[in-house]
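Shown next: upload-v2.txt, containing compact mmCIF, C-alpha atoms.
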# COMPACT_ATOMS: atom_id res chain seq x y z
CA MET A 910 -19.99 18.76 111.11
CA ALA A 911 -16.44 17.97 110.04
CA GLN A 912 -13.54 19.69 111.78
CA THR A 913 -11.56 22.11 109.62
CA ILE A 914 -7.77 22.05 109.49
CA LEU A 915 -5.65 24.76 107.90
CA VAL A 916 -2.57 23.34 106.15
CA ILE A 917 0.26 25.79 105.45
CA ASP A 918 3.24 24.76 103.32
CA ASP A 919 5.02 26.32 100.34
CA SER A 920 5.33 22.90 98.69
CA ALA A 921 2.16 22.19 96.72
CA SER A 922 2.89 18.46 96.68
CA LEU A 923 3.37 18.35 100.45
CA ARG A 924 0.12 20.27 101.00
CA GLN A 925 -1.61 17.77 98.75
CA VAL A 926 -0.20 14.77 100.66
CA VAL A 927 -1.25 16.24 104.02
CA ALA A 928 -4.68 17.18 102.67
CA MET A 929 -5.28 13.69 101.28
CA ALA A 930 -4.28 12.05 104.57
CA LEU A 931 -6.60 14.37 106.54
CA GLN A 932 -9.51 14.13 104.12
CA SER A 933 -9.30 10.33 104.16
CA ALA A 934 -9.98 10.59 107.92
CA GLY A 935 -12.97 12.89 107.43
CA TYR A 936 -11.43 16.30 108.10
CA GLU A 937 -12.07 19.36 105.95
CA VAL A 938 -8.91 21.07 104.74
CA LEU A 939 -8.04 24.67 103.92
CA GLN A 940 -4.68 25.29 102.24
CA ALA A 941 -2.24 28.21 102.16
CA GLY A 942 1.19 28.51 100.50
CA ASP A 943 2.82 30.64 103.21
CA GLY A 944 2.15 32.35 106.52
CA GLN A 945 0.83 35.52 104.97
CA ALA A 946 -1.74 33.67 102.84
CA ALA A 947 -2.72 31.64 105.92
CA LEU A 948 -3.25 34.78 108.01
CA ALA A 949 -5.68 36.04 105.37
CA LEU A 950 -7.78 32.93 106.03
CA LEU A 951 -8.02 33.72 109.76
CA ASP A 952 -10.95 36.02 109.07
CA GLY A 953 -13.33 34.85 111.78
CA ARG A 954 -14.19 31.47 110.26
CA LYS A 955 -14.03 28.42 112.48
CA ILE A 956 -10.74 26.56 112.21
CA ASN A 957 -10.12 23.67 114.59
CA MET A 958 -6.38 23.33 114.07
CA ALA A 959 -3.46 24.44 111.87
CA ILE A 960 -0.58 22.37 110.51
CA CYS A 961 2.31 24.60 109.51
CA ASP A 962 5.70 24.28 107.79
CA VAL A 963 8.61 26.35 109.14
CA ASN A 964 10.69 27.48 106.16
CA MET A 965 8.46 29.41 103.78
CA PRO A 966 8.76 32.62 101.74
CA ARG A 967 7.10 35.93 102.73
CA MET A 968 6.13 34.79 106.23
CA ASN A 969 7.72 31.73 107.82
CA GLY A 970 5.98 29.30 110.16
CA ILE A 971 7.31 30.75 113.42
CA GLU A 972 6.19 34.25 112.39
CA PHE A 973 2.78 32.83 111.47
CA VAL A 974 2.34 31.21 114.89
CA LYS A 975 3.15 34.50 116.63
CA ALA A 976 0.79 36.45 114.35
CA ALA A 977 -2.05 33.93 114.75
CA LYS A 978 -1.68 33.89 118.54
CA ALA A 979 -1.99 37.69 118.55
CA LEU A 980 -5.48 37.47 116.99
CA PRO A 981 -8.17 37.29 119.72
CA ASN A 982 -10.32 34.79 117.77
CA TYR A 983 -7.41 32.41 117.21
CA ARG A 984 -5.26 32.70 120.32
CA PHE A 985 -6.24 29.16 121.34
CA LEU A 986 -5.83 27.67 117.84
CA PRO A 987 -3.66 24.54 118.22
CA ILE A 988 -0.76 24.60 115.76
CA LEU A 989 1.35 21.59 114.81
CA MET A 990 4.67 22.43 113.14
CA LEU A 991 5.33 19.92 110.33
CA THR A 992 8.82 20.47 109.02
CA THR A 993 12.10 18.97 107.82
CA GLU A 994 13.82 20.96 110.59
CA SER A 995 14.89 18.67 113.42
CA GLN A 996 17.21 21.00 115.32
CA GLU A 997 16.40 21.46 118.99
CA ALA A 998 16.95 25.22 118.81
CA LYS A 999 14.26 25.52 116.13
CA LYS A 1000 11.88 23.38 118.16
CA GLU A 1001 12.39 25.68 121.13
CA GLU A 1002 11.61 28.66 118.89
CA GLY A 1003 8.36 26.98 117.86
CA LYS A 1004 7.46 26.21 121.45
CA ALA A 1005 8.20 29.77 122.56
CA ALA A 1006 6.05 31.14 119.73
CA GLY A 1007 3.09 29.07 120.94
CA ALA A 1008 3.08 25.93 118.78
CA LYS A 1009 1.58 22.85 120.44
CA ALA A 1010 3.69 20.14 118.78
CA TRP A 1011 6.57 19.55 116.37
CA MET A 1012 6.64 16.75 113.81
CA VAL A 1013 9.55 16.01 111.47
CA LYS A 1014 8.86 15.20 107.80
CA PRO A 1015 8.51 12.74 106.19
CA PHE A 1016 5.55 11.80 108.36
CA ALA A 1017 3.64 8.56 108.56
CA PRO A 1018 -0.09 9.22 108.01
CA ALA A 1019 -0.96 7.32 111.21
CA SER A 1020 1.41 9.52 113.26
CA LEU A 1021 -0.06 12.67 111.76
CA LEU A 1022 -3.64 11.56 112.39
CA ASN A 1023 -2.73 10.56 115.93
CA ALA A 1024 -1.28 14.01 116.65
CA VAL A 1025 -4.28 15.69 115.01
CA SER A 1026 -6.73 13.68 117.12
CA LYS A 1027 -4.89 14.85 120.26
CA LEU A 1028 -4.71 18.52 119.33
CA CYS A 1029 -7.75 19.31 117.19
CA LEU A 1030 -10.39 21.47 118.88
CA PRO A 1031 -13.91 19.97 118.96
CA MET B 1463 54.44 24.47 73.22
CA THR B 1464 52.86 27.69 74.40
CA SER B 1465 53.45 28.59 78.03
CA VAL B 1466 50.47 29.94 79.95
CA ASN B 1467 50.90 32.81 82.36
CA PRO B 1468 49.47 31.78 85.79
CA GLY B 1469 47.47 35.02 85.94
CA ASP B 1470 45.93 34.29 82.52
CA ALA B 1471 45.14 30.72 83.59
CA ASP B 1472 43.36 31.96 86.71
CA ARG B 1473 41.35 34.47 84.73
CA ALA B 1474 40.43 31.81 82.15
CA LEU B 1475 39.33 29.47 84.91
CA VAL B 1476 37.19 32.16 86.55
CA GLN B 1477 35.63 32.96 83.17
CA LEU B 1478 34.94 29.27 82.55
CA VAL B 1479 33.26 28.82 85.94
CA ARG B 1480 31.25 32.04 85.50
CA GLU B 1481 29.89 30.76 82.20
CA VAL B 1482 29.22 27.22 83.38
CA LEU B 1483 27.60 28.00 86.75
CA PRO B 1484 24.45 29.61 85.29
CA VAL B 1485 23.98 26.56 83.06
CA TRP B 1486 24.18 24.22 86.08
CA ILE B 1487 21.81 26.48 87.97
CA GLY B 1488 19.35 26.34 85.09
CA HIS B 1489 19.51 22.55 84.94
CA LEU B 1490 18.90 22.27 88.68
CA ALA B 1491 15.90 24.60 88.53
CA SER B 1492 14.47 22.79 85.51
CA SER B 1493 14.90 19.36 87.15
CA ARG B 1494 13.12 20.56 90.26
CA GLU B 1495 10.27 22.03 88.24
CA GLN B 1496 9.84 18.83 86.22
CA SER B 1497 9.92 16.53 89.24
CA GLY B 1498 7.43 18.79 91.03
CA ALA B 1499 5.05 18.61 88.07
CA ALA B 1500 5.46 14.83 87.81
CA VAL B 1501 4.75 14.30 91.51
CA ALA B 1502 1.68 16.57 91.30
CA GLN B 1503 0.34 14.39 88.49
CA MET B 1504 1.11 11.19 90.40
CA LEU B 1505 -0.58 12.57 93.51
CA ALA B 1506 -3.70 13.46 91.55
CA ALA B 1507 -3.84 9.94 90.14
CA PHE B 1508 -3.08 8.47 93.58
CA GLY B 1509 -5.95 10.48 95.04
CA GLU B 1510 -8.33 8.88 92.56
CA LEU B 1511 -6.95 5.39 93.26
CA VAL B 1512 -6.93 5.47 97.07
CA PRO B 1513 -10.65 4.72 97.51
CA GLN B 1514 -10.24 1.66 95.25
CA LEU B 1515 -7.08 0.53 97.03
CA THR B 1516 -8.82 0.47 100.40
CA PRO B 1517 -12.29 -0.94 99.74
CA LYS B 1518 -14.38 -1.34 102.86
CA THR B 1519 -15.66 -4.73 101.75
CA THR B 1520 -12.39 -6.67 101.36
CA ALA B 1521 -11.05 -9.14 103.89
CA ALA B 1522 -9.28 -7.64 106.91
CA VAL B 1523 -5.91 -9.03 105.86
CA HIS B 1524 -6.23 -7.39 102.45
CA GLN B 1525 -7.29 -4.13 104.04
CA ALA B 1526 -4.21 -4.12 106.28
CA ALA B 1527 -1.89 -4.76 103.32
CA SER B 1528 -3.57 -2.04 101.27
CA THR B 1529 -3.41 0.45 104.12
CA ASP B 1530 0.29 -0.28 104.60
CA ALA B 1531 0.97 0.21 100.88
CA VAL B 1532 -1.01 3.47 100.84
CA ASP B 1533 0.89 4.73 103.91
CA ARG B 1534 4.23 3.94 102.26
CA MET B 1535 3.16 5.85 99.16
CA TYR B 1536 2.16 8.85 101.27
CA GLN B 1537 5.66 8.84 102.76
CA ALA B 1538 7.42 8.31 99.42
CA PHE B 1539 5.62 11.29 97.87
CA GLN B 1540 7.14 13.54 100.54
CA TYR B 1541 10.67 12.97 99.23
CA GLU B 1542 10.07 15.32 96.30
CA ASP B 1543 9.77 18.13 98.86
CA ARG B 1544 13.05 17.09 100.52
CA VAL B 1545 14.94 16.86 97.22
CA ALA B 1546 13.54 20.25 96.17
CA GLN B 1547 14.80 21.80 99.42
CA MET B 1548 18.26 20.30 98.98
CA THR B 1549 18.65 21.36 95.34
CA SER B 1550 17.31 24.86 96.10
CA LEU B 1551 20.01 25.27 98.72
CA VAL B 1552 22.76 24.15 96.30
CA GLN B 1553 21.35 26.43 93.61
CA ARG B 1554 21.40 29.46 95.93
CA ASP B 1555 25.00 28.64 96.90
CA MET B 1556 26.02 28.42 93.24
CA GLU B 1557 24.40 31.80 92.61
CA ARG B 1558 26.40 33.24 95.52
CA MET B 1559 29.60 31.79 94.05
CA ASN B 1560 28.82 33.37 90.70
CA ASN B 1561 28.28 36.74 92.39
CA VAL B 1562 31.68 36.46 94.07
CA LEU B 1563 33.36 35.55 90.77
CA ALA B 1564 31.64 38.49 89.09
CA GLY B 1565 32.97 40.81 91.82
CA LEU B 1566 29.45 41.60 93.09
CA ASP B 1567 30.09 40.05 96.52
CA ALA B 1568 33.26 39.99 98.63
CA PRO B 1569 35.29 36.78 98.51
CA MET B 1570 35.61 34.62 101.63
CA THR B 1571 37.70 31.69 102.76
CA ALA B 1572 36.56 28.12 102.19
CA GLN B 1573 36.02 27.77 105.92
CA GLN B 1574 33.80 30.85 106.06
CA TRP B 1575 31.93 29.64 103.01
CA MET B 1576 31.29 26.20 104.52
CA GLN B 1577 30.21 27.69 107.84
CA ARG B 1578 27.60 29.82 106.08
CA LEU B 1579 26.42 26.89 103.98
CA GLN B 1580 26.19 24.55 106.98
CA ALA B 1581 24.25 27.17 108.93
CA SER B 1582 21.52 26.91 106.28
CA TYR B 1583 21.14 23.12 106.60
CA VAL B 1584 17.78 21.98 107.95
CA MET B 1585 17.82 18.21 107.40
CA ALA B 1586 19.80 15.48 109.10
CA GLU B 1587 21.01 14.18 105.71
CA GLN B 1588 22.67 17.50 104.94
CA HIS B 1589 24.62 17.47 108.21
CA LEU B 1590 25.63 13.85 107.63
CA LEU B 1591 27.09 14.71 104.22
CA ASP B 1592 29.61 16.95 105.95
CA ASN B 1593 30.21 14.35 108.68
CA ARG B 1594 28.60 16.52 111.31
CA ALA B 1595 26.33 14.91 113.83
CA PRO B 1596 22.72 16.00 113.25
CA ASP B 1597 20.51 16.97 116.12
CA ALA B 1598 18.26 14.17 117.26
CA GLY B 1599 14.57 14.20 116.63
CA CYS B 1600 13.76 12.66 113.22
CA ASP B 1601 10.44 10.87 112.77
CA GLU B 1602 9.24 11.88 116.21
CA THR B 1603 6.44 14.09 117.35
CA THR B 1604 7.27 16.41 120.22
CA PHE B 1605 4.29 17.74 122.14
CA PHE B 1606 4.87 20.99 124.02
Kindly transcribe the structure held in the file into structure tokens.
Amino acid sequence: MAQTILVIDDSASLRQVVAMALQSAGYEVLQAGDGQAALALLDGRKINMAICDVNMPRMNGIEFVKAAKALPNYRFLPILMLTTESQEAKKEEGKAAGAKAWMVKPFAPASLLNAVSKLCLP
Amino acid sequence: MTSVNPGDADRALVQLVREVLPVWIGHLASSREQSGAAVAQMLAAFGELVPQLTPKTTAAVHQAASTDAVDRMYQAFQYEDRVAQMTSLVQRDMERMNNVLAGLDAPMTAQQWMQRLQASYVMAEQHLLDNRAPDAGCDETTFF
């Protein structure tokens, strides 16, 4: 059974690019336009990993990581932050919230798939 | 020749900027919307083409070239997101300026204005525009 990855980004085109790269490698993809919409998808279903933007309306990526980690079923969900933010202070915020890795956009598909293969739960 | 009172000239300039700013803001928003729609269409078409661009049966050298081209397209498509973020930031700043000119927000010095604007930068390119050194870390994955 294919592993499922939740992709969270307020840019529809970016979500589409990430989804296409993941699907081409055999992953199943769920999409959400912000942290709040993503939280609604954490309803008990099996999700092997999340890839999350930082700057989003309603609920940003850092807030999403904290909220997801507070849910018993998803406290071990690996989350990769995929963002245009490259400032060290922001990275530290992501790390403190519980993210597992930080990747700066624009990403190369091979780099993304490499990170996913390292982090994705079986 | 008619002499213009400096106070009148200032007021006329403020009025001019107040009328022009919303037009610029509208053009920025419209450009972003159109480029977003165009990229969505290109991505949909690209999604249909990818399987044909990377056929499993072609020679290895062709496969490598195709994969490289597909990877470069994946990266190029991401620039729409970057441009949208940059223009959104400029648009919000223009809206703030219009609020100040309309007396809705308190005025500030150019230095204060720039500090607030720079604090909202997220990309290395934005810092470079103001000749400020960006934090390191582009194109890298950091594992925690």
(request) Find the residues around Met910 in chain A up to 12 Å (all atoms listed in the file counted), leave out those fewer than 6 positions away in its own chain, and share them as a PyMOL selection string. (result) chain A and resi 935-937+955+957+1031
(request) Specify as number ranges by chain all residues of chain A found within 10 Å of chain B, counting all atoms listed in the file. (result) A: 919-927, 929-930, 933, 964, 989-1001, 1003-1005, 1007-1021, 1023-1024, 1027-1028
What would the file look like if the residues just selected were written as a PDB file, keeping the file's coordinate frame with C-alpha atoms?
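File written: part-v9.pdb
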ATOM      1  CA  ASP A 919       5.020  26.320 100.340  1.00  0.00           C
ATOM      2  CA  SER A 920       5.330  22.900  98.690  1.00  0.00           C
ATOM      3  CA  ALA A 921       2.160  22.190  96.720  1.00  0.00           C
ATOM      4  CA  SER A 922       2.890  18.460  96.680  1.00  0.00           C
ATOM      5  CA  LEU A 923       3.370  18.350 100.450  1.00  0.00           C
ATOM      6  CA  ARG A 924       0.120  20.270 101.000  1.00  0.00           C
ATOM      7  CA  GLN A 925      -1.610  17.770  98.750  1.00  0.00           C
ATOM      8  CA  VAL A 926      -0.200  14.770 100.660  1.00  0.00           C
ATOM      9  CA  VAL A 927      -1.250  16.240 104.020  1.00  0.00           C
ATOM     10  CA  MET A 929      -5.280  13.690 101.280  1.00  0.00           C
ATOM     11  CA  ALA A 930      -4.280  12.050 104.570  1.00  0.00           C
ATOM     12  CA  SER A 933      -9.300  10.330 104.160  1.00  0.00           C
ATOM     13  CA  ASN A 964      10.690  27.480 106.160  1.00  0.00           C
ATOM     14  CA  LEU A 989       1.350  21.590 114.810  1.00  0.00           C
ATOM     15  CA  MET A 990       4.670  22.430 113.140  1.00  0.00           C
ATOM     16  CA  LEU A 991       5.330  19.920 110.330  1.00  0.00           C
ATOM     17  CA  THR A 992       8.820  20.470 109.020  1.00  0.00           C
ATOM     18  CA  THR A 993      12.100  18.970 107.820  1.00  0.00           C
ATOM     19  CA  GLU A 994      13.820  20.960 110.590  1.00  0.00           C
ATOM     20  CA  SER A 995      14.890  18.670 113.420  1.00  0.00           C
ATOM     21  CA  GLN A 996      17.210  21.000 115.320  1.00  0.00           C
ATOM     22  CA  GLU A 997      16.400  21.460 118.990  1.00  0.00           C
ATOM     23  CA  ALA A 998      16.950  25.220 118.810  1.00  0.00           C
ATOM     24  CA  LYS A 999      14.260  25.520 116.130  1.00  0.00           C
ATOM     25  CA  LYS A1000      11.880  23.380 118.160  1.00  0.00           C
ATOM     26  CA  GLU A1001      12.390  25.680 121.130  1.00  0.00           C
ATOM     27  CA  GLY A1003       8.360  26.980 117.860  1.00  0.00           C
ATOM     28  CA  LYS A1004       7.460  26.210 121.450  1.00  0.00           C
ATOM     29  CA  ALA A1005       8.200  29.770 122.560  1.00  0.00           C
ATOM     30  CA  GLY A1007       3.090  29.070 120.940  1.00  0.00           C
ATOM     31  CA  ALA A1008       3.080  25.930 118.780  1.00  0.00           C
ATOM     32  CA  LYS A1009       1.580  22.850 120.440  1.00  0.00           C
ATOM     33  CA  ALA A1010       3.690  20.140 118.780  1.00  0.00           C
ATOM     34  CA  TRP A1011       6.570  19.550 116.370  1.00  0.00           C
ATOM     35  CA  MET A1012       6.640  16.750 113.810  1.00  0.00           C
ATOM     36  CA  VAL A1013       9.550  16.010 111.470  1.00  0.00           C
ATOM     37  CA  LYS A1014       8.860  15.200 107.800  1.00  0.00           C
ATOM     38  CA  PRO A1015       8.510  12.740 106.190  1.00  0.00           C
ATOM     39  CA  PHE A1016       5.550  11.800 108.360  1.00  0.00           C
ATOM     40  CA  ALA A1017       3.640   8.560 108.560  1.00  0.00           C
ATOM     41  CA  PRO A1018      -0.090   9.220 108.010  1.00  0.00           C
ATOM     42  CA  ALA A1019      -0.960   7.320 111.210  1.00  0.00           C
ATOM     43  CA  SER A1020       1.410   9.520 113.260  1.00  0.00           C
ATOM     44  CA  LEU A1021      -0.060  12.670 111.760  1.00  0.00           C
ATOM     45  CA  ASN A1023      -2.730  10.560 115.930  1.00  0.00           C
ATOM     46  CA  ALA A1024      -1.280  14.010 116.650  1.00  0.00           C
ATOM     47  CA  LYS A1027      -4.890  14.850 120.260  1.00  0.00           C
ATOM     48  CA  LEU A1028      -4.710  18.520 119.330  1.00  0.00           C
TER      49      LEU A1028
END
(request) Measuring atom to atom with only C-alpha atoms, identify which of B:Leu1483, B:Ala1507, B:Met1548, B:Leu1475 is nearest to Leu1579 in chain B. (result) B:Met1548
(message) So that I can check the surroundings of range 977-985 of chain A, please list as a list in words every protein, DNA and RNA residue that reaches within 9 Å of it, counting only C-alpha atoms and ignoring chain neighbours fewer than 6 positions away.
(response) Leu948, Leu951, Asp952, Gly953, Ile956, Ala1006 and Gly1007 of chain A
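CA of Ser1550 in chain B to CA of Glu1495 in chain B spans 10.9 Å [interatomic distance, one decimal].
For the pair CA of Arg1558 in chain B and CA of Asp943 in chain A, the interatomic distance is 24.9 Å.
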Return the padded bounding box of range 1554-1570 of chain B as lines of an AutoDock Vina configuration file: axis-aligned, built from all atoms listed in the file, 5 Å added on each side, with centre and edge lengths in Å to one decimal.
center_x = 28.5
center_y = 35.0
center_z = 95.4
size_x = 24.2
size_y = 23.2
size_z = 22.5
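The coordinates place CA of Asp1555 in chain B at 20.7 Å from CA of Asn969 in chain A.
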(request) Write out as a PyMOL selection string which residues come within 8 Å of Gln1553 in chain B when counting all atoms listed in the file, dropping same-chain ones fewer than 5 positions away. (result) chain B and resi 1487+1490-1491
